[in-house]
$ cat start_35.cif   # mmCIF, C-alpha atoms
data_my_file
loop_
_atom_site.label_atom_id
_atom_site.label_comp_id
_atom_site.auth_asym_id
_atom_site.auth_seq_id
_atom_site.Cartn_x
_atom_site.Cartn_y
_atom_site.Cartn_z
CA MET A 16 -4.13 36.01 -8.80
CA ASP A 17 -5.16 32.37 -8.36
CA ARG A 18 -7.95 31.55 -5.88
CA HIS A 19 -9.12 28.14 -7.03
CA ILE A 20 -9.02 26.11 -3.80
CA ARG A 21 -12.50 25.06 -2.68
CA THR A 22 -12.45 21.26 -2.08
CA VAL A 23 -10.35 18.72 -0.20
CA ASP A 24 -9.16 17.37 -3.56
CA ASP A 25 -7.97 20.86 -4.50
CA VAL A 26 -5.94 21.01 -1.28
CA LEU A 27 -4.44 17.57 -1.87
CA GLU A 28 -3.43 18.49 -5.42
CA LEU A 29 -1.89 21.73 -4.13
CA LEU A 30 0.20 19.75 -1.65
CA ASP A 31 1.20 17.28 -4.40
CA GLY A 32 2.60 20.25 -6.27
CA LEU A 33 4.95 21.17 -3.42
CA PHE A 34 7.10 18.18 -4.32
CA ALA A 35 9.67 18.14 -7.08
CA PRO A 36 8.26 16.41 -10.19
CA GLU A 37 10.98 13.75 -10.06
CA ALA A 38 9.93 12.90 -6.48
CA ASP A 39 6.45 11.81 -7.56
CA ARG A 40 5.89 8.11 -7.00
CA TRP A 41 2.19 8.24 -6.08
CA THR A 42 0.21 9.91 -8.89
CA ALA A 43 -0.33 8.97 -12.52
CA ASP A 44 2.54 11.33 -13.38
CA GLY A 45 4.85 9.01 -11.42
CA ALA A 46 4.04 5.99 -13.58
CA ALA A 47 7.02 6.58 -15.87
CA TRP A 48 9.44 6.27 -12.92
CA TRP A 49 7.93 2.92 -11.94
CA ASP A 50 7.99 1.78 -15.58
CA GLY A 51 11.74 2.37 -15.59
CA PHE A 52 12.06 0.51 -12.30
CA TYR A 53 10.26 -2.59 -13.63
CA THR A 54 11.70 -2.64 -17.16
CA ASP A 55 14.75 -4.82 -16.38
CA ARG A 56 13.22 -7.98 -14.94
CA SER A 57 16.63 -9.53 -14.31
CA ARG A 58 17.54 -7.02 -11.61
CA PRO A 59 18.17 -8.65 -8.19
CA VAL A 60 15.17 -6.98 -6.54
CA PRO A 61 13.71 -9.31 -3.87
CA PHE A 62 10.08 -8.55 -4.68
CA PHE A 63 10.55 -9.20 -8.39
CA ALA A 64 10.41 -12.93 -7.64
CA ALA A 65 6.97 -14.52 -7.85
CA LYS A 66 6.80 -15.14 -4.10
CA PRO A 67 3.89 -14.05 -1.87
CA ASP A 68 4.42 -12.13 1.36
CA GLU A 69 5.08 -14.47 4.29
CA ASN A 70 2.58 -12.60 6.48
CA LEU A 71 -0.19 -12.93 3.87
CA VAL A 72 0.39 -16.67 3.65
CA SER A 73 0.42 -16.87 7.45
CA TYR A 74 -2.91 -15.04 7.76
CA LEU A 75 -4.49 -17.53 5.37
CA ASP A 76 -2.90 -20.60 6.92
CA ARG A 77 -4.10 -19.56 10.40
CA GLY A 78 -7.60 -18.70 9.23
CA LEU A 79 -7.28 -14.99 10.13
CA ILE A 80 -8.60 -14.18 6.67
CA THR A 81 -10.72 -16.37 4.41
CA PRO A 82 -11.36 -16.29 0.64
CA GLY A 83 -13.62 -13.60 -0.72
CA ARG A 84 -13.08 -10.50 -2.85
CA ALA A 85 -9.58 -9.03 -2.66
CA LEU A 86 -7.85 -5.88 -3.87
CA ASP A 87 -4.07 -5.99 -4.33
CA LEU A 88 -3.07 -2.33 -3.99
CA GLY A 89 0.13 -1.42 -5.82
CA CYS A 90 0.37 -4.96 -7.17
CA GLY A 91 3.66 -4.60 -9.09
CA PRO A 92 4.36 -7.83 -11.03
CA GLY A 93 1.42 -9.54 -9.33
CA ARG A 94 3.10 -11.95 -6.92
CA ASN A 95 0.51 -11.52 -4.14
CA ALA A 96 -2.44 -11.31 -6.52
CA LEU A 97 -1.41 -14.68 -7.96
CA HIS A 98 -1.29 -16.25 -4.52
CA LEU A 99 -4.66 -14.85 -3.53
CA ALA A 100 -6.23 -16.17 -6.73
CA ALA A 101 -4.66 -19.60 -6.09
CA ARG A 102 -6.18 -19.58 -2.59
CA GLY A 103 -9.69 -18.98 -3.89
CA PHE A 104 -10.04 -15.19 -3.89
CA GLU A 105 -11.72 -13.15 -6.60
CA VAL A 106 -8.93 -10.65 -7.20
CA ASP A 107 -8.65 -7.11 -8.51
CA ALA A 108 -5.11 -5.75 -8.72
CA VAL A 109 -4.06 -2.18 -9.46
CA ASP A 110 -0.78 -0.39 -10.14
CA LEU A 111 0.34 2.93 -11.61
CA SER A 112 2.88 1.27 -13.90
CA PRO A 113 1.78 -0.17 -17.27
CA THR A 114 5.07 -2.12 -17.35
CA ALA A 115 4.37 -3.75 -13.99
CA VAL A 116 0.78 -4.56 -14.93
CA ALA A 117 1.87 -6.12 -18.24
CA TRP A 118 4.35 -8.33 -16.36
CA ALA A 119 1.66 -9.34 -13.87
CA GLU A 120 -0.75 -10.18 -16.68
CA GLU A 121 1.88 -12.41 -18.29
CA ARG A 122 2.33 -14.27 -15.01
CA ALA A 123 -1.41 -14.67 -14.57
CA ARG A 124 -1.81 -16.11 -18.08
CA ALA A 125 1.05 -18.54 -17.47
CA ALA A 126 -0.55 -19.66 -14.20
CA GLY A 127 -4.06 -19.84 -15.66
CA ALA A 128 -5.22 -17.37 -13.00
CA GLU A 129 -8.26 -15.16 -13.48
CA ILE A 130 -7.30 -11.76 -12.07
CA ARG A 131 -8.67 -8.38 -13.09
CA PHE A 132 -5.71 -6.02 -13.49
CA HIS A 133 -6.14 -2.25 -13.61
CA CYS A 134 -3.59 0.39 -14.48
CA GLY A 135 -4.16 3.73 -12.78
CA ASP A 136 -4.30 5.74 -9.58
CA ALA A 137 -6.43 3.85 -7.08
CA PHE A 138 -6.79 6.91 -4.85
CA VAL A 139 -8.66 9.02 -7.41
CA PRO A 140 -12.33 7.95 -7.49
CA GLY A 141 -13.15 6.70 -10.97
CA ALA A 142 -9.53 6.62 -12.16
CA ALA A 143 -9.35 2.86 -11.71
CA VAL A 144 -12.31 0.49 -11.93
CA LEU A 145 -12.33 -0.76 -8.36
CA ASP A 146 -15.86 -1.82 -7.57
CA GLY A 147 -15.77 -2.89 -3.93
CA PRO A 148 -16.72 -3.91 -1.37
CA TYR A 149 -13.63 -6.02 -0.82
CA ASP A 150 -13.16 -8.52 1.98
CA LEU A 151 -9.41 -7.93 1.82
CA VAL A 152 -7.23 -5.02 0.78
CA HIS A 153 -3.61 -6.13 0.61
CA ASP A 154 -0.89 -3.49 0.37
CA SER A 155 2.72 -4.61 0.13
CA GLY A 156 4.86 -1.49 -0.22
CA CYS A 157 2.42 1.13 -1.52
CA PHE A 158 1.60 3.01 1.71
CA HIS A 159 5.16 4.03 2.56
CA HIS A 160 5.57 5.74 -0.83
CA LEU A 161 2.71 8.16 -0.16
CA PRO A 162 3.37 11.71 1.10
CA PRO A 163 1.74 12.51 4.45
CA HIS A 164 -1.27 14.33 3.02
CA ARG A 165 -2.15 11.38 0.81
CA ARG A 166 -2.93 9.29 3.88
CA VAL A 167 -6.24 11.14 3.65
CA SER A 168 -6.74 9.63 0.19
CA TYR A 169 -5.68 6.20 1.46
CA LEU A 170 -8.17 6.22 4.32
CA ALA A 171 -10.88 7.51 1.98
CA LEU A 172 -10.20 4.56 -0.33
CA LEU A 173 -10.65 2.16 2.57
CA ASP A 174 -13.91 3.90 3.44
CA ARG A 175 -15.13 3.38 -0.11
CA VAL A 176 -14.08 -0.19 -0.78
CA LEU A 177 -13.39 -2.15 2.43
CA ALA A 178 -16.40 -4.23 3.47
CA PRO A 179 -17.61 -4.30 7.09
CA GLY A 180 -15.75 -7.23 8.62
CA GLY A 181 -13.10 -6.92 5.89
CA HIS A 182 -9.36 -6.72 6.50
CA LEU A 183 -6.49 -4.45 5.56
CA SER A 184 -3.21 -6.36 5.23
CA LEU A 185 -0.31 -3.89 5.21
CA THR A 186 3.45 -4.15 4.72
CA CYS A 187 5.55 -0.99 5.12
CA PHE A 188 8.97 0.36 6.09
CA ALA A 189 9.87 -0.09 9.76
CA ALA A 190 11.39 2.85 11.62
CA GLY A 191 14.99 2.16 12.59
CA ARG A 192 15.36 -0.37 9.79
CA MET A 193 14.34 1.26 6.50
CA GLY A 194 12.87 4.55 5.30
CA SER A 195 13.01 8.18 6.35
CA GLU A 196 12.17 9.11 9.94
CA LEU A 197 11.83 12.83 9.26
CA PRO A 198 8.69 14.45 10.72
CA ASP A 199 5.83 14.85 8.27
CA GLU A 200 6.30 18.58 7.75
CA ALA A 201 9.96 18.18 6.79
CA PHE A 202 9.10 16.43 3.53
CA TYR A 203 7.33 19.56 2.28
CA HIS A 204 10.44 21.66 2.95
CA ARG A 205 12.66 19.15 1.13
CA SER A 206 10.21 18.56 -1.76
CA ARG A 207 10.90 14.82 -1.80
CA LEU A 208 10.15 11.66 0.20
CA GLU A 209 13.74 10.52 0.76
CA GLY A 210 13.01 7.04 -0.64
CA GLY A 211 9.89 6.38 1.42
CA LEU A 212 8.49 6.97 4.90
CA ALA A 213 9.32 4.84 7.93
CA TYR A 214 6.59 4.06 10.44
CA THR A 215 6.48 2.93 14.06
CA PRO A 216 3.82 0.55 15.39
CA GLU A 217 2.39 3.49 17.36
CA SER A 218 2.05 5.65 14.25
CA LEU A 219 0.33 2.85 12.34
CA ARG A 220 -2.08 2.28 15.20
CA GLY A 221 -2.85 5.98 15.26
CA ILE A 222 -3.41 6.30 11.52
CA PHE A 223 -5.63 3.20 11.38
CA ARG A 224 -7.25 3.80 14.75
CA ASP A 225 -10.76 3.30 13.33
CA LEU A 226 -9.86 -0.28 12.41
CA THR A 227 -9.32 -3.10 14.88
CA GLU A 228 -5.78 -4.40 15.13
CA VAL A 229 -5.54 -8.15 14.62
CA GLU A 230 -1.74 -8.42 14.42
CA LEU A 231 1.23 -6.09 14.06
CA ARG A 232 4.77 -7.46 13.92
CA GLY A 233 8.02 -7.37 12.03
CA MET A 234 8.13 -9.31 8.78
CA ARG A 235 10.01 -12.58 9.10
CA GLU A 236 13.18 -12.78 7.03
CA GLN A 237 13.06 -15.42 4.30
CA GLY A 238 16.09 -17.00 2.69
CA ALA A 239 16.66 -17.22 -1.04
CA ALA A 240 15.43 -20.83 -1.07
CA SER A 241 12.14 -19.95 0.64
CA PRO A 242 8.98 -19.93 -1.50
CA LEU A 243 7.89 -16.82 0.42
CA PHE A 244 8.95 -13.16 0.43
CA GLY A 245 10.14 -11.72 3.72
CA GLU A 246 12.43 -8.83 4.66
CA SER A 247 13.15 -7.86 8.28
CA PHE A 248 13.13 -4.10 7.54
CA LEU A 249 9.33 -4.16 7.11
CA TRP A 250 6.36 -4.07 9.45
CA THR A 251 3.38 -6.29 8.72
CA ALA A 252 -0.05 -5.44 10.05
CA LEU A 253 -3.53 -6.89 9.82
CA PHE A 254 -6.47 -4.63 10.68
CA ARG A 255 -10.19 -5.39 10.57
CA ARG A 256 -13.04 -3.03 9.79
CA ASP A 257 -15.82 -3.57 12.31
CA GLY A 258 -19.37 -2.35 11.79
CA GLN A 259 -20.39 0.25 9.24
CA ALA A 260 -19.49 3.55 10.90
CA SER A 261 -17.70 6.13 8.79
CA ARG A 262 -14.10 6.95 9.56
CA VAL A 263 -13.24 10.02 11.60
CA THR A 264 -10.00 11.57 10.38
CA PRO A 265 -7.32 10.60 12.91
CA THR A 266 -5.55 13.28 14.89
CA ALA A 267 -3.03 12.06 17.46
CA PRO A 268 -2.14 8.38 17.92
CA PRO A 269 -3.48 6.74 21.07
CA PRO A 270 -1.06 5.44 23.70
CA ALA A 271 0.28 2.03 22.71
CA THR A 272 3.01 -0.42 23.49
CA ARG A 273 5.30 -2.02 20.95
CA PRO A 274 4.34 -5.53 19.78
#
$ encode --input "start_35.cif" --output "structure tokens"
Amino acid sequence: MDRHIRTVDDVLELLDGLFAPEADRWTADGAAWWDGFYTDRSRPVPFFAAKPDENLVSYLDRGLITPGRALDLGCGPGRNALHLAARGFEVDAVDLSPTAVAWAEERARAAGAEIRFHCGDAFVPGAAVLDGPYDLVHDSGCFHHLPPHRRVSYLALLDRVLAPGGHLSLTCFAAGRMGSELPDEAFYHRSRLEGGLAYTPESLRGIFRDLTEVELRGMREQGAASPLFGESFLWTALFRRDGQASRVTPTAPPPATRP
């Protein structure tokens, strides 16, 4: 008889265990899968190129965000971290994959950029040295690889590290364009994430309802010759944390209209 559940973390770990081991892309045990993904740098993967997200560049160019301390969450080969450092940010960048982090460090050395890279699970307190507060948390493709219950961990991370007045910049799969549209509970029956979760603008507004929406739109497609990364199957969103109140766990999304 096993009766060990007594904390929220215990519940989250229990739910992690409902997924097949090979489905894990979000814990330290999933690092090996990402290592394999990043090993062949010649693969024609759009986000392997050292190009920053078009929405991130747009936020900076329009003055919606200004230089400060930034966390690049799920940094991969470091393309957005490099751009943030070049624009005057003090940057921490974290990823599960040692292979991705090594590639990012090579790029930073070549560019002469001072970026603190960390390899580990950002959602486990103390597992990665992320000493906020951060004025910006930028996430390009991490959120949609989390199972539904790990949104709790994601929001807790924002509570810990996002400064009052700071911004969350998010890029994730857009429903109807990319990702699975199964209801949350279905993933636990299937024991896998079907390649990643799709989101609607309404669901994003509900999940991040304790932040103020600045902008939510589709990512603008960028051609091969563009210096920016952009794929039309993604949503981009910019949210701001106002005040210093603690987050209340979201329940149902509020009524909203599409952008």
$ closest_atom_pairs --input "start_35.cif" --of "region 84-200 of chain A" --to "region 40-57 of chain A" --cutoff "10 Å" --atoms "only C-alpha atoms" --output "JSON lines"
{"residue": "A:Gly89", "atom": "CA", "partner": "A:Trp41", "partner_atom": "CA", "distance": 9.9}
{"residue": "A:Gly91", "atom": "CA", "partner": "A:Tyr53", "partner_atom": "CA", "distance": 8.3}
{"residue": "A:Pro92", "atom": "CA", "partner": "A:Tyr53", "partner_atom": "CA", "distance": 8.3}
{"residue": "A:Asp110", "atom": "CA", "partner": "A:Ala46", "partner_atom": "CA", "distance": 8.7}
{"residue": "A:Leu111", "atom": "CA", "partner": "A:Ala46", "partner_atom": "CA", "distance": 5.2}
{"residue": "A:Ser112", "atom": "CA", "partner": "A:Ala46", "partner_atom": "CA", "distance": 4.9}
{"residue": "A:Pro113", "atom": "CA", "partner": "A:Asp50", "partner_atom": "CA", "distance": 6.7}
{"residue": "A:Thr114", "atom": "CA", "partner": "A:Asp50", "partner_atom": "CA", "distance": 5.2}
{"residue": "A:Ala115", "atom": "CA", "partner": "A:Tyr53", "partner_atom": "CA", "distance": 6.0}
{"residue": "A:Val116", "atom": "CA", "partner": "A:Asp50", "partner_atom": "CA", "distance": 9.6}
{"residue": "A:Trp118", "atom": "CA", "partner": "A:Tyr53", "partner_atom": "CA", "distance": 8.7}
{"residue": "A:Cys134", "atom": "CA", "partner": "A:Ala43", "partner_atom": "CA", "distance": 9.4}
{"residue": "A:Gly135", "atom": "CA", "partner": "A:Ala43", "partner_atom": "CA", "distance": 6.5}
{"residue": "A:Asp136", "atom": "CA", "partner": "A:Ala43", "partner_atom": "CA", "distance": 5.9}
{"residue": "A:Ala137", "atom": "CA", "partner": "A:Thr42", "partner_atom": "CA", "distance": 9.2}
{"residue": "A:Phe138", "atom": "CA", "partner": "A:Thr42", "partner_atom": "CA", "distance": 8.6}
{"residue": "A:Val139", "atom": "CA", "partner": "A:Thr42", "partner_atom": "CA", "distance": 9.0}
{"residue": "A:Ala142", "atom": "CA", "partner": "A:Ala43", "partner_atom": "CA", "distance": 9.5}
{"residue": "A:Cys157", "atom": "CA", "partner": "A:Trp41", "partner_atom": "CA", "distance": 8.4}
{"residue": "A:Phe158", "atom": "CA", "partner": "A:Trp41", "partner_atom": "CA", "distance": 9.4}
{"residue": "A:His160", "atom": "CA", "partner": "A:Arg40", "partner_atom": "CA", "distance": 6.6}
{"residue": "A:Leu161", "atom": "CA", "partner": "A:Trp41", "partner_atom": "CA", "distance": 5.9}
{"residue": "A:Pro162", "atom": "CA", "partner": "A:Trp41", "partner_atom": "CA", "distance": 8.1}
{"residue": "A:Arg165", "atom": "CA", "partner": "A:Trp41", "partner_atom": "CA", "distance": 8.7}
$ atom_distance --input "start_35.cif" --atom1 "CA of Arg102 (chain A)" --atom2 "CA of Ala128 (chain A)"
10.7 Å
$ residues_around --input "start_35.cif" --residues "Leu212 (chain A)" --least-positions-apart "5" --cutoff "12 Å" --atoms "all atoms listed in the file" --output "VMD selection string"
chain A and resid 156 to 163 166 187 to 199 201 to 202 207 218 to 219 249
$ atom_distance --input "start_35.cif" --atom1 "CA of Val106 (chain A)" --atom2 "CA of Gly83 (chain A)"
8.5 Å
$ closest_residue --input "start_35.cif" --among "A:Pro148, A:Gly127, A:Gly78, A:Pro59" --to "Arg256 (chain A)" --atoms "only C-alpha atoms"
A:Pro148
$ closest_residue --input "start_35.cif" --among "A:Val26, A:Ala119, A:Leu208, A:Ala252" --to "Ala38 (chain A)" --atoms "all atoms listed in the file"
A:Leu208
$ resolve_selection --input "start_35.cif" --expression "the PyMOL selection byres ((chain A and resi 87) around 9)" --output "list of chain:residue names"
A:Ala85, A:Leu86, A:Leu88, A:Gly89, A:Cys90, A:Gly93, A:Asn95, A:Ala96, A:Leu99, A:Val106, A:Asp107, A:Ala108, A:Val109, A:Asp110, A:Leu151, A:Val152, A:His153, A:Asp154, A:Ser155
$ write_last_selection --input "start_35.cif" --atoms "C-alpha atoms" --output "JSON list (two decimals), in the frame of the given file"
[["chain", "number", "residue", "atom", "x", "y", "z"],
["A", 85, "ALA", "CA", -9.58, -9.03, -2.66],
["A", 86, "LEU", "CA", -7.85, -5.88, -3.87],
["A", 88, "LEU", "CA", -3.07, -2.33, -3.99],
["A", 89, "GLY", "CA", 0.13, -1.42, -5.82],
["A", 90, "CYS", "CA", 0.37, -4.96, -7.17],
["A", 93, "GLY", "CA", 1.42, -9.54, -9.33],
["A", 95, "ASN", "CA", 0.51, -11.52, -4.14],
["A", 96, "ALA", "CA", -2.44, -11.31, -6.52],
["A", 99, "LEU", "CA", -4.66, -14.85, -3.53],
["A", 106, "VAL", "CA", -8.93, -10.65, -7.20],
["A", 107, "ASP", "CA", -8.65, -7.11, -8.51],
["A", 108, "ALA", "CA", -5.11, -5.75, -8.72],
["A", 109, "VAL", "CA", -4.06, -2.18, -9.46],
["A", 110, "ASP", "CA", -0.78, -0.39, -10.14],
["A", 151, "LEU", "CA", -9.41, -7.93, 1.82],
["A", 152, "VAL", "CA", -7.23, -5.02, 0.78],
["A", 153, "HIS", "CA", -3.61, -6.13, 0.61],
["A", 154, "ASP", "CA", -0.89, -3.49, 0.37],
["A", 155, "SER", "CA", 2.72, -4.61, 0.13]]
$ residues_around --input "start_35.cif" --residues "Tyr149 (chain A)" --least-positions-apart "4" --cutoff "6 Å" --atoms "only C-alpha atoms" --output "number ranges by chain"
A: 84-85, 176-178
$ write_last_selection --input "start_35.cif" --atoms "C-alpha atoms" --output "mmCIF file, in the frame of the given file"
data_model
loop_
_atom_site.group_PDB
_atom_site.id
_atom_site.type_symbol
_atom_site.label_atom_id
_atom_site.label_comp_id
_atom_site.auth_asym_id
_atom_site.auth_seq_id
_atom_site.Cartn_x
_atom_site.Cartn_y
_atom_site.Cartn_z
ATOM 1 C CA ARG A 84 -13.080 -10.500 -2.850
ATOM 2 C CA ALA A 85 -9.580 -9.030 -2.660
ATOM 3 C CA VAL A 176 -14.080 -0.190 -0.780
ATOM 4 C CA LEU A 177 -13.390 -2.150 2.430
ATOM 5 C CA ALA A 178 -16.400 -4.230 3.470
#
$ atom_distance --input "start_35.cif" --atom1 "CA of His182 (chain A)" --atom2 "CA of Leu253 (chain A)"
6.7 Å
$ resolve_selection --input "start_35.cif" --expression "the PyMOL selection byres ((chain A and resi 234) around 10)" --output "list in words"
Asp68, Glu69, Asn70, Thr186, Cys187, Ala189, Leu231, Arg232, Gly233, Arg235, Glu236, Gln237, Phe244, Gly245, Glu246, Ser247, Phe248, Leu249, Trp250, Thr251 and Ala252 of chain A
$ residues_around --input "start_35.cif" --residues "Pro179 (chain A)" --least-positions-apart "5" --cutoff "10 Å" --atoms "only C-alpha atoms" --output "list of chain:residue names"
A:Pro148, A:Tyr149, A:Asp150, A:Asp174, A:Arg255, A:Arg256, A:Asp257, A:Gly258, A:Gln259, A:Ala260
$ write_last_selection --input "start_35.cif" --atoms "C-alpha atoms" --output "JSON list (two decimals), in the coordinates of the input"
[["chain", "number", "residue", "atom", "x", "y", "z"],
["A", 148, "PRO", "CA", -16.72, -3.91, -1.37],
["A", 149, "TYR", "CA", -13.63, -6.02, -0.82],
["A", 150, "ASP", "CA", -13.16, -8.52, 1.98],
["A", 174, "ASP", "CA", -13.91, 3.90, 3.44],
["A", 255, "ARG", "CA", -10.19, -5.39, 10.57],
["A", 256, "ARG", "CA", -13.04, -3.03, 9.79],
["A", 257, "ASP", "CA", -15.82, -3.57, 12.31],
["A", 258, "GLY", "CA", -19.37, -2.35, 11.79],
["A", 259, "GLN", "CA", -20.39, 0.25, 9.24],
["A", 260, "ALA", "CA", -19.49, 3.55, 10.90]]
$ closest_residue --input "start_35.cif" --among "A:Pro140, A:Gly147, A:Gly221, A:Gly32" --to "Ala171 (chain A)" --atoms "only C-alpha atoms"
A:Pro140
$ closest_residue --input "start_35.cif" --among "A:Leu79, A:Leu33, A:Ala213, A:Ile20" --to "Gly181 (chain A)" --atoms "all atoms listed in the file"
A:Leu79
$ build_atoms --input "start_35.cif" --residues "region 236-247 of chain A" --atoms "N, CA, C and O atoms" --output "mmCIF file, keeping the file's coordinate frame"
data_model
loop_
_atom_site.group_PDB
_atom_site.id
_atom_site.type_symbol
_atom_site.label_atom_id
_atom_site.label_comp_id
_atom_site.auth_asym_id
_atom_site.auth_seq_id
_atom_site.Cartn_x
_atom_site.Cartn_y
_atom_site.Cartn_z
ATOM 1 N N GLU A 236 12.191 -12.630 8.102
ATOM 2 C CA GLU A 236 13.180 -12.780 7.030
ATOM 3 C C GLU A 236 13.057 -14.153 6.382
ATOM 4 O O GLU A 236 12.914 -15.174 7.074
ATOM 5 N N GLN A 237 13.108 -14.175 5.051
ATOM 6 C CA GLN A 237 13.060 -15.420 4.300
ATOM 7 C C GLN A 237 14.325 -15.573 3.478
ATOM 8 O O GLN A 237 14.771 -14.616 2.845
ATOM 9 N N GLY A 238 14.893 -16.737 3.485
ATOM 10 C CA GLY A 238 16.090 -17.000 2.690
ATOM 11 C C GLY A 238 15.768 -17.121 1.213
ATOM 12 O O GLY A 238 14.609 -17.229 0.803
ATOM 13 N N ALA A 239 16.830 -17.150 0.413
ATOM 14 C CA ALA A 239 16.660 -17.220 -1.040
ATOM 15 C C ALA A 239 15.924 -18.486 -1.469
ATOM 16 O O ALA A 239 15.220 -18.486 -2.484
ATOM 17 N N ALA A 240 16.074 -19.565 -0.703
ATOM 18 C CA ALA A 240 15.430 -20.830 -1.070
ATOM 19 C C ALA A 240 13.963 -20.887 -0.645
ATOM 20 O O ALA A 240 13.233 -21.806 -1.042
ATOM 21 N N SER A 241 13.520 -19.943 0.152
ATOM 22 C CA SER A 241 12.140 -19.950 0.640
ATOM 23 C C SER A 241 11.172 -19.643 -0.498
ATOM 24 O O SER A 241 11.461 -18.817 -1.368
ATOM 25 N N PRO A 242 9.993 -20.258 -0.492
ATOM 26 C CA PRO A 242 8.980 -19.930 -1.500
ATOM 27 C C PRO A 242 8.225 -18.642 -1.160
ATOM 28 O O PRO A 242 7.328 -18.248 -1.903
ATOM 29 N N LEU A 243 8.584 -18.003 -0.038
ATOM 30 C CA LEU A 243 7.890 -16.820 0.420
ATOM 31 C C LEU A 243 8.814 -15.606 0.406
ATOM 32 O O LEU A 243 10.036 -15.731 0.482
ATOM 33 N N PHE A 244 8.208 -14.410 0.324
ATOM 34 C CA PHE A 244 8.950 -13.160 0.430
ATOM 35 C C PHE A 244 8.932 -12.683 1.864
ATOM 36 O O PHE A 244 7.875 -12.661 2.512
ATOM 37 N N GLY A 245 10.087 -12.276 2.383
ATOM 38 C CA GLY A 245 10.140 -11.720 3.720
ATOM 39 C C GLY A 245 11.415 -10.943 3.942
ATOM 40 O O GLY A 245 12.503 -11.475 3.718
ATOM 41 N N GLU A 246 11.291 -9.687 4.371
ATOM 42 C CA GLU A 246 12.430 -8.830 4.660
ATOM 43 C C GLU A 246 12.236 -8.223 6.049
ATOM 44 O O GLU A 246 11.163 -7.685 6.357
ATOM 45 N N SER A 247 13.274 -8.275 6.875
ATOM 46 C CA SER A 247 13.150 -7.860 8.280
ATOM 47 C C SER A 247 13.050 -6.356 8.469
ATOM 48 O O SER A 247 12.805 -5.890 9.579
#
